[in-house]
Amino acid sequence: MAAVGLIVMGLVTTGVAVGKSPPLGVNVLNAAVKWRPDYVTKDMLLNAGKDAGNWLNYGKGYSGTRFSQLQQINVHDVKHLEPVWNLSFGVIGAQDCEAVAVNGVLYVTASQDRVFAVDGATGDILWKYVYPLPGDIGARLCCEAVNRGVAVYKNMVFLETLDTHVVALSAWSGRVIWNTKLGNYETGNMYTSIPVVVDGKVIVGNSGSDVGGNAGTITALDAKTGTVLWATHTRPISADDPNAKTWGNSSWKHGGVTAWQPGTYDAQRNILYWGTGNPTPDFNASMRPGDNLYSDSTLALNPDTGKILFYFQYTPHNYWDYDGNNQDVLITDAKGRKVWVHGDRNGFLYSINRFTGKCNWVVPIA
């Protein structure tokens with residue numbers, strides 16, 4: 001596999017009307033207020049869905065709609081796009097990252113846990129951070145040495161690593177501010193996703209259940225110090241858990257259900273929505289009779305405590321490897337209902353009441 005990189009496209013302006021773009025270093029929600037470059041406030045994250053000049057979360061805003069208000073590129077002029085610059089990451093491996101854009105600076109990750117801060121206008125590397133992975137990590141991986149990106153908050157960039165660490169870097173230099181270990185990669189446990197920052201907490205979900213049946217875990221860390229604030233397991237870790245009875249033959253002991261995609265967040269109701277993966281073993285369901293909670297579900301969590309408020313399970317007793325991790329998109333539907341919309345790998349699209357977990361409708365994805 002060849003080395004991969006980042007390509008940025010721009011318009012060929014000859015004969016094309018080019019609209020105005022938001023200026024760099026300005027909070028476009030309040031043009032009278034100038035922020036320090038690369039400094040992300042709580043207010044900016046809360047309003048990221050309205051911010052045309054930045055891309056601050058996975059899915060742009062907390063609701064995960066991925067909608068941009070920019071109008072310079074449209075259906076009429078898209079044919080004029082040409083490469084402006086490209087950047088090689090200089091590493092062989094799969095590239096699964098979604099870039100984050102903060103006032104003209106792009107933060108992007110590459111395979112094997114590398115982080116780049118890039119000038120969005122020129123493609124120049126402002127700084128690079130290479131996480132020191134252990135030499136035997138390759139033998140522990142389920143799905144290549146991928147990393148899906150970083151989260152940003154204040155003057156920090158947050159990285160999840162394949163050997164179960166969360167690292168806070170300086171947004172201005174790439175210097176390590178703190179480094180917290182969450183698990184043991186030797187069991188197949190790993191972190192490959194993008195963190196979600198909510199009210200000063202860096203929230204992450206683990207990967208790797210297909211390798212060792214590790215317990216799925218969603219963890220919140222203090223953004224300032226890296227201290228673990230809470231950890232919520234997505235499947236039972238003891239026979240005393242009421243959900244253990246949904247895993248026949250005591251199969252909860254190796255049940256998996258990792259939470260390897262970032263969640264979405266309803267700031268008004270303070271509810272975090274996080275998808276969960278498949279039970280293990282994937283295809284031999286006879287080893288784990290029952291619904292296997294909370295596999296292939298969306299969990300509604302209190303982000304202050306990690307408490308599960310309610311859930312919706314898309315595929316009980318899954319034996320087709322239909323992970324339910326796909327991100328939930330928070331919308332108000334045509335009837336004025338607050339819902340999450342979820343396109344699942346089982347081939348159906350769901351509308352779920354955002355505050356009760358009740359299904360409004362489900363239709364096949366044609």
# chains A, B, ... in the order shown; residues from 1 in each chain; ligands from 1
$ select_by_dssp --residues "stretch 90-143 of chain A" --states "strand (DSSP E)" --output "NGL selection string"
:A and (90-92 or 100-102 or 105-110 or 114-119 or 125-130)
$ write_last_selection --atoms "N, CA and C atoms" --output "PDB file, in the first residue's frame"
ATOM      1  N   GLY A  90       3.927  10.481   4.596  1.00  0.00           N
ATOM      2  CA  GLY A  90       5.203   9.801   4.742  1.00  0.00           C
ATOM      3  C   GLY A  90       5.141   8.507   5.525  1.00  0.00           C
ATOM      4  N   VAL A  91       3.966   7.879   5.540  1.00  0.00           N
ATOM      5  CA  VAL A  91       3.821   6.631   6.284  1.00  0.00           C
ATOM      6  C   VAL A  91       2.881   5.716   5.506  1.00  0.00           C
ATOM      7  N   ILE A  92       3.203   4.441   5.485  1.00  0.00           N
ATOM      8  CA  ILE A  92       2.381   3.478   4.774  1.00  0.00           C
ATOM      9  C   ILE A  92       1.253   2.997   5.684  1.00  0.00           C
ATOM     10  N   VAL A 100      -9.814  18.393  11.171  1.00  0.00           N
ATOM     11  CA  VAL A 100     -10.435  19.447  11.957  1.00  0.00           C
ATOM     12  C   VAL A 100      -9.820  20.773  11.511  1.00  0.00           C
ATOM     13  N   ALA A 101     -10.661  21.794  11.324  1.00  0.00           N
ATOM     14  CA  ALA A 101     -10.189  23.100  10.853  1.00  0.00           C
ATOM     15  C   ALA A 101     -10.470  24.155  11.915  1.00  0.00           C
ATOM     16  N   VAL A 102      -9.402  24.862  12.334  1.00  0.00           N
ATOM     17  CA  VAL A 102      -9.519  25.892  13.363  1.00  0.00           C
ATOM     18  C   VAL A 102      -8.846  27.160  12.858  1.00  0.00           C
ATOM     19  N   VAL A 105      -6.090  26.637  10.327  1.00  0.00           N
ATOM     20  CA  VAL A 105      -5.145  25.559  10.595  1.00  0.00           C
ATOM     21  C   VAL A 105      -5.901  24.227  10.548  1.00  0.00           C
ATOM     22  N   LEU A 106      -5.365  23.258   9.805  1.00  0.00           N
ATOM     23  CA  LEU A 106      -5.937  21.930   9.734  1.00  0.00           C
ATOM     24  C   LEU A 106      -5.169  21.002  10.658  1.00  0.00           C
ATOM     25  N   TYR A 107      -5.896  20.250  11.460  1.00  0.00           N
ATOM     26  CA  TYR A 107      -5.292  19.210  12.290  1.00  0.00           C
ATOM     27  C   TYR A 107      -5.761  17.873  11.726  1.00  0.00           C
ATOM     28  N   VAL A 108      -4.805  17.034  11.358  1.00  0.00           N
ATOM     29  CA  VAL A 108      -5.126  15.793  10.685  1.00  0.00           C
ATOM     30  C   VAL A 108      -4.203  14.697  11.202  1.00  0.00           C
ATOM     31  N   THR A 109      -4.709  13.477  11.275  1.00  0.00           N
ATOM     32  CA  THR A 109      -3.885  12.354  11.724  1.00  0.00           C
ATOM     33  C   THR A 109      -3.627  11.404  10.564  1.00  0.00           C
ATOM     34  N   ALA A 110      -2.570  10.633  10.713  1.00  0.00           N
ATOM     35  CA  ALA A 110      -2.221   9.610   9.732  1.00  0.00           C
ATOM     36  C   ALA A 110      -2.150   8.263  10.423  1.00  0.00           C
ATOM     37  N   ARG A 114       0.099   9.465  13.936  1.00  0.00           N
ATOM     38  CA  ARG A 114       0.847  10.688  13.661  1.00  0.00           C
ATOM     39  C   ARG A 114      -0.136  11.850  13.546  1.00  0.00           C
ATOM     40  N   VAL A 115       0.241  13.004  14.077  1.00  0.00           N
ATOM     41  CA  VAL A 115      -0.605  14.191  14.037  1.00  0.00           C
ATOM     42  C   VAL A 115       0.147  15.303  13.299  1.00  0.00           C
ATOM     43  N   PHE A 116      -0.578  15.982  12.398  1.00  0.00           N
ATOM     44  CA  PHE A 116      -0.003  17.082  11.645  1.00  0.00           C
ATOM     45  C   PHE A 116      -0.852  18.334  11.860  1.00  0.00           C
ATOM     46  N   ALA A 117      -0.198  19.457  12.116  1.00  0.00           N
ATOM     47  CA  ALA A 117      -0.846  20.760  12.064  1.00  0.00           C
ATOM     48  C   ALA A 117      -0.393  21.423  10.771  1.00  0.00           C
ATOM     49  N   VAL A 118      -1.350  21.794   9.929  1.00  0.00           N
ATOM     50  CA  VAL A 118      -1.048  22.212   8.567  1.00  0.00           C
ATOM     51  C   VAL A 118      -1.672  23.567   8.291  1.00  0.00           C
ATOM     52  N   ASP A 119      -0.921  24.455   7.643  1.00  0.00           N
ATOM     53  CA  ASP A 119      -1.455  25.724   7.169  1.00  0.00           C
ATOM     54  C   ASP A 119      -2.442  25.426   6.046  1.00  0.00           C
ATOM     55  N   ILE A 125       3.568  22.277   6.740  1.00  0.00           N
ATOM     56  CA  ILE A 125       3.447  21.642   8.048  1.00  0.00           C
ATOM     57  C   ILE A 125       3.935  22.614   9.117  1.00  0.00           C
ATOM     58  N   LEU A 126       3.066  22.948  10.055  1.00  0.00           N
ATOM     59  CA  LEU A 126       3.422  23.841  11.156  1.00  0.00           C
ATOM     60  C   LEU A 126       4.125  23.066  12.266  1.00  0.00           C
ATOM     61  N   TRP A 127       3.642  21.872  12.548  1.00  0.00           N
ATOM     62  CA  TRP A 127       4.334  20.941  13.428  1.00  0.00           C
ATOM     63  C   TRP A 127       3.814  19.532  13.175  1.00  0.00           C
ATOM     64  N   LYS A 128       4.608  18.556  13.584  1.00  0.00           N
ATOM     65  CA  LYS A 128       4.246  17.143  13.440  1.00  0.00           C
ATOM     66  C   LYS A 128       4.555  16.429  14.749  1.00  0.00           C
ATOM     67  N   TYR A 129       3.653  15.532  15.136  1.00  0.00           N
ATOM     68  CA  TYR A 129       3.865  14.724  16.331  1.00  0.00           C
ATOM     69  C   TYR A 129       3.754  13.252  15.939  1.00  0.00           C
ATOM     70  N   VAL A 130       4.740  12.457  16.313  1.00  0.00           N
ATOM     71  CA  VAL A 130       4.743  11.021  16.054  1.00  0.00           C
ATOM     72  C   VAL A 130       4.678  10.302  17.393  1.00  0.00           C
TER      73      VAL A 130
END
$ atom_distance --atom1 "atom CA of A:Val339" --atom2 "atom CA of A:Trp361"
10.8 Å
$ residues_around --residues "A:Leu133" --least-positions-apart "4" --cutoff "10 Å" --atoms "only C-alpha atoms" --output "PyMOL selection string"
chain A and resi 112-113+137-138+161-163
$ write_last_selection --atoms "C-alpha atoms" --output "short mmCIF file (atom, residue, chain, number, x, y, z; two decimals), in the first residue's frame"
data_model
loop_
_atom_site.label_atom_id
_atom_site.label_comp_id
_atom_site.auth_asym_id
_atom_site.auth_seq_id
_atom_site.Cartn_x
_atom_site.Cartn_y
_atom_site.Cartn_z
CA GLN A 112 0.31 4.82 13.14
CA ASP A 113 -0.85 7.73 15.32
CA ILE A 137 1.62 -3.26 18.17
CA GLY A 138 1.22 -4.62 14.64
CA THR A 161 -3.67 5.89 20.42
CA LEU A 162 -3.52 2.27 19.35
CA ASP A 163 -1.92 1.26 22.65
#
$ residues_around --residues "stretch 259-266 of chain A" --least-positions-apart "3" --cutoff "7 Å" --atoms "only C-alpha atoms" --output "PyMOL selection string"
chain A and resi 62-64+192-196+205-207+216-218+269-277+325-328
$ write_last_selection --atoms "N, CA and C atoms" --output "short mmCIF file (atom, residue, chain, number, x, y, z; two decimals), in the first residue's frame"
data_model
loop_
_atom_site.label_atom_id
_atom_site.label_comp_id
_atom_site.auth_asym_id
_atom_site.auth_seq_id
_atom_site.Cartn_x
_atom_site.Cartn_y
_atom_site.Cartn_z
N TYR A 62 -22.01 19.43 17.11
CA TYR A 62 -22.35 18.34 18.03
C TYR A 62 -23.46 17.44 17.48
N SER A 63 -24.32 17.98 16.62
CA SER A 63 -25.46 17.21 16.12
C SER A 63 -25.09 16.24 15.01
N GLY A 64 -23.89 16.39 14.43
CA GLY A 64 -23.42 15.44 13.43
C GLY A 64 -24.04 15.57 12.05
N THR A 192 -8.93 4.04 18.35
CA THR A 192 -8.70 4.46 16.96
C THR A 192 -9.57 5.63 16.55
N SER A 193 -10.43 6.11 17.43
CA SER A 193 -11.48 7.05 17.04
C SER A 193 -11.10 8.50 17.30
N ILE A 194 -12.06 9.39 17.10
CA ILE A 194 -11.92 10.82 17.40
C ILE A 194 -12.60 11.09 18.74
N PRO A 195 -11.94 11.74 19.67
CA PRO A 195 -12.60 12.10 20.93
C PRO A 195 -13.71 13.12 20.69
N VAL A 196 -14.60 13.22 21.66
CA VAL A 196 -15.62 14.26 21.69
C VAL A 196 -15.40 15.06 22.97
N GLY A 205 -14.13 6.34 23.13
CA GLY A 205 -14.61 4.97 23.13
C GLY A 205 -13.54 4.06 22.56
N ASN A 206 -13.49 2.82 23.05
CA ASN A 206 -12.41 1.92 22.64
C ASN A 206 -12.78 1.07 21.44
N SER A 207 -11.77 0.39 20.89
CA SER A 207 -11.91 -0.51 19.75
C SER A 207 -11.25 -1.84 20.10
N GLY A 216 -16.35 -3.28 25.91
CA GLY A 216 -16.52 -1.94 25.38
C GLY A 216 -16.62 -0.93 26.51
N THR A 217 -15.92 0.20 26.34
CA THR A 217 -15.88 1.21 27.40
C THR A 217 -15.92 2.60 26.80
N ILE A 218 -16.75 3.46 27.37
CA ILE A 218 -16.76 4.89 27.05
C ILE A 218 -16.22 5.61 28.28
N ARG A 269 -30.43 19.46 26.28
CA ARG A 269 -30.87 18.48 27.26
C ARG A 269 -29.70 17.79 27.98
N ASN A 270 -28.48 18.10 27.57
CA ASN A 270 -27.28 17.51 28.16
C ASN A 270 -27.32 15.99 28.08
N ILE A 271 -27.51 15.48 26.84
CA ILE A 271 -27.53 14.05 26.60
C ILE A 271 -26.51 13.72 25.52
N LEU A 272 -25.69 12.73 25.78
CA LEU A 272 -24.68 12.26 24.84
C LEU A 272 -25.16 10.94 24.23
N TYR A 273 -25.11 10.85 22.90
CA TYR A 273 -25.58 9.65 22.20
C TYR A 273 -24.37 8.94 21.60
N TRP A 274 -24.21 7.66 21.94
CA TRP A 274 -22.99 6.94 21.53
C TRP A 274 -23.36 5.54 21.03
N GLY A 275 -22.87 5.19 19.86
CA GLY A 275 -23.17 3.89 19.28
C GLY A 275 -22.23 2.81 19.78
N THR A 276 -22.73 1.58 19.76
CA THR A 276 -21.92 0.43 20.21
C THR A 276 -21.79 -0.59 19.09
N GLY A 277 -20.75 -1.42 19.21
CA GLY A 277 -20.43 -2.38 18.17
C GLY A 277 -21.03 -3.75 18.40
N ASN A 325 -22.42 1.15 15.42
CA ASN A 325 -21.63 2.32 15.78
C ASN A 325 -21.92 3.56 14.95
N ASN A 326 -22.55 3.41 13.80
CA ASN A 326 -22.75 4.56 12.92
C ASN A 326 -23.30 5.75 13.69
N GLN A 327 -22.74 6.92 13.43
CA GLN A 327 -23.08 8.10 14.23
C GLN A 327 -24.55 8.48 14.08
N ASP A 328 -25.15 8.91 15.17
CA ASP A 328 -26.54 9.36 15.19
C ASP A 328 -26.59 10.84 14.85
#
$ atom_distance --atom1 "atom CA of A:Asn74" --atom2 "atom CA of A:Gly49"
19.1 Å
$ closest_residue --among "A:Asp282, A:Gly188, A:Val341, A:Thr298" --to "A:Trp320" --atoms "only C-alpha atoms"
A:Asp282
$ residues_around --residues "A:Ile177" --least-positions-apart "2" --cutoff "9 Å" --atoms "only C-alpha atoms" --output "list in words"
Met156, Val167, Ala168, Leu169, Ser170, Gly174, Arg175, Asn179, Lys224 and Thr225 of chain A
$ closest_residue --among "A:Ile237, A:Val197, A:Val228, A:Val78" --to "A:Lys42" --atoms "only C-alpha atoms"
A:Val197
$ atom_distance --atom1 "atom CA of A:Tyr314" --atom2 "atom CA of A:Ala215"
19.3 Å
$ select_by_dssp --residues "stretch 249-360 of chain A" --states "helix (DSSP H, G or I)" --output "list in words"
Asn249, Ser250, Ser251, Trp252, Lys253, His254, Ala285, Ser286 and Met287 of chain A
$ write_last_selection --atoms "N, CA and C atoms" --output "compact mmCIF listing (two decimals), in the first residue's frame"
# COMPACT_ATOMS: atom_id res chain seq x y z
N ASN A 249 -24.84 -18.59 28.60
CA ASN A 249 -23.58 -19.32 28.75
C ASN A 249 -22.46 -18.44 29.32
N SER A 250 -22.84 -17.42 30.10
CA SER A 250 -21.87 -16.48 30.68
C SER A 250 -20.98 -15.85 29.60
N SER A 251 -21.55 -15.68 28.41
CA SER A 251 -20.77 -15.16 27.28
C SER A 251 -20.43 -13.69 27.42
N TRP A 252 -21.01 -13.00 28.42
CA TRP A 252 -20.66 -11.62 28.65
C TRP A 252 -19.17 -11.46 28.97
N LYS A 253 -18.54 -12.54 29.43
CA LYS A 253 -17.13 -12.47 29.81
C LYS A 253 -16.22 -12.14 28.63
N HIS A 254 -16.67 -12.45 27.43
CA HIS A 254 -15.86 -12.15 26.25
C HIS A 254 -16.71 -11.44 25.19
N ALA A 285 -23.07 -17.12 16.87
CA ALA A 285 -24.02 -16.60 17.86
C ALA A 285 -24.53 -17.66 18.82
N SER A 286 -24.35 -18.93 18.49
CA SER A 286 -24.82 -19.99 19.38
C SER A 286 -24.07 -19.99 20.71
N MET A 287 -22.90 -19.36 20.72
CA MET A 287 -22.11 -19.28 21.95
C MET A 287 -22.64 -18.23 22.92
$ residues_around --residues "A:Asp222" --least-positions-apart "3" --cutoff "10 Å" --atoms "only C-alpha atoms" --output "PyMOL selection string"
chain A and resi 197+199-203+225-230
$ write_last_selection --atoms "C-alpha atoms" --output "mmCIF file, in the first residue's frame"
data_model
loop_
_atom_site.group_PDB
_atom_site.id
_atom_site.type_symbol
_atom_site.label_atom_id
_atom_site.label_comp_id
_atom_site.auth_asym_id
_atom_site.auth_seq_id
_atom_site.Cartn_x
_atom_site.Cartn_y
_atom_site.Cartn_z
ATOM 1 C CA VAL A 197 -15.090 17.244 24.009
ATOM 2 C CA ASP A 199 -17.980 20.809 28.855
ATOM 3 C CA GLY A 200 -14.278 20.338 29.558
ATOM 4 C CA LYS A 201 -14.381 16.545 29.333
ATOM 5 C CA VAL A 202 -12.580 14.509 26.652
ATOM 6 C CA ILE A 203 -14.828 11.516 25.943
ATOM 7 C CA THR A 225 -5.269 17.206 33.557
ATOM 8 C CA GLY A 226 -6.107 13.905 31.814
ATOM 9 C CA THR A 227 -7.644 12.506 35.003
ATOM 10 C CA VAL A 228 -10.308 9.854 34.371
ATOM 11 C CA LEU A 229 -13.671 11.198 35.558
ATOM 12 C CA TRP A 230 -15.905 8.229 34.721
#
$ residues_around --residues "A:Pro316" --least-positions-apart "2" --cutoff "12 Å" --atoms "only C-alpha atoms" --output "MDAnalysis selection string"
chainID A and resid 246:247 277:279 285 288:297 312:314 318:324 346
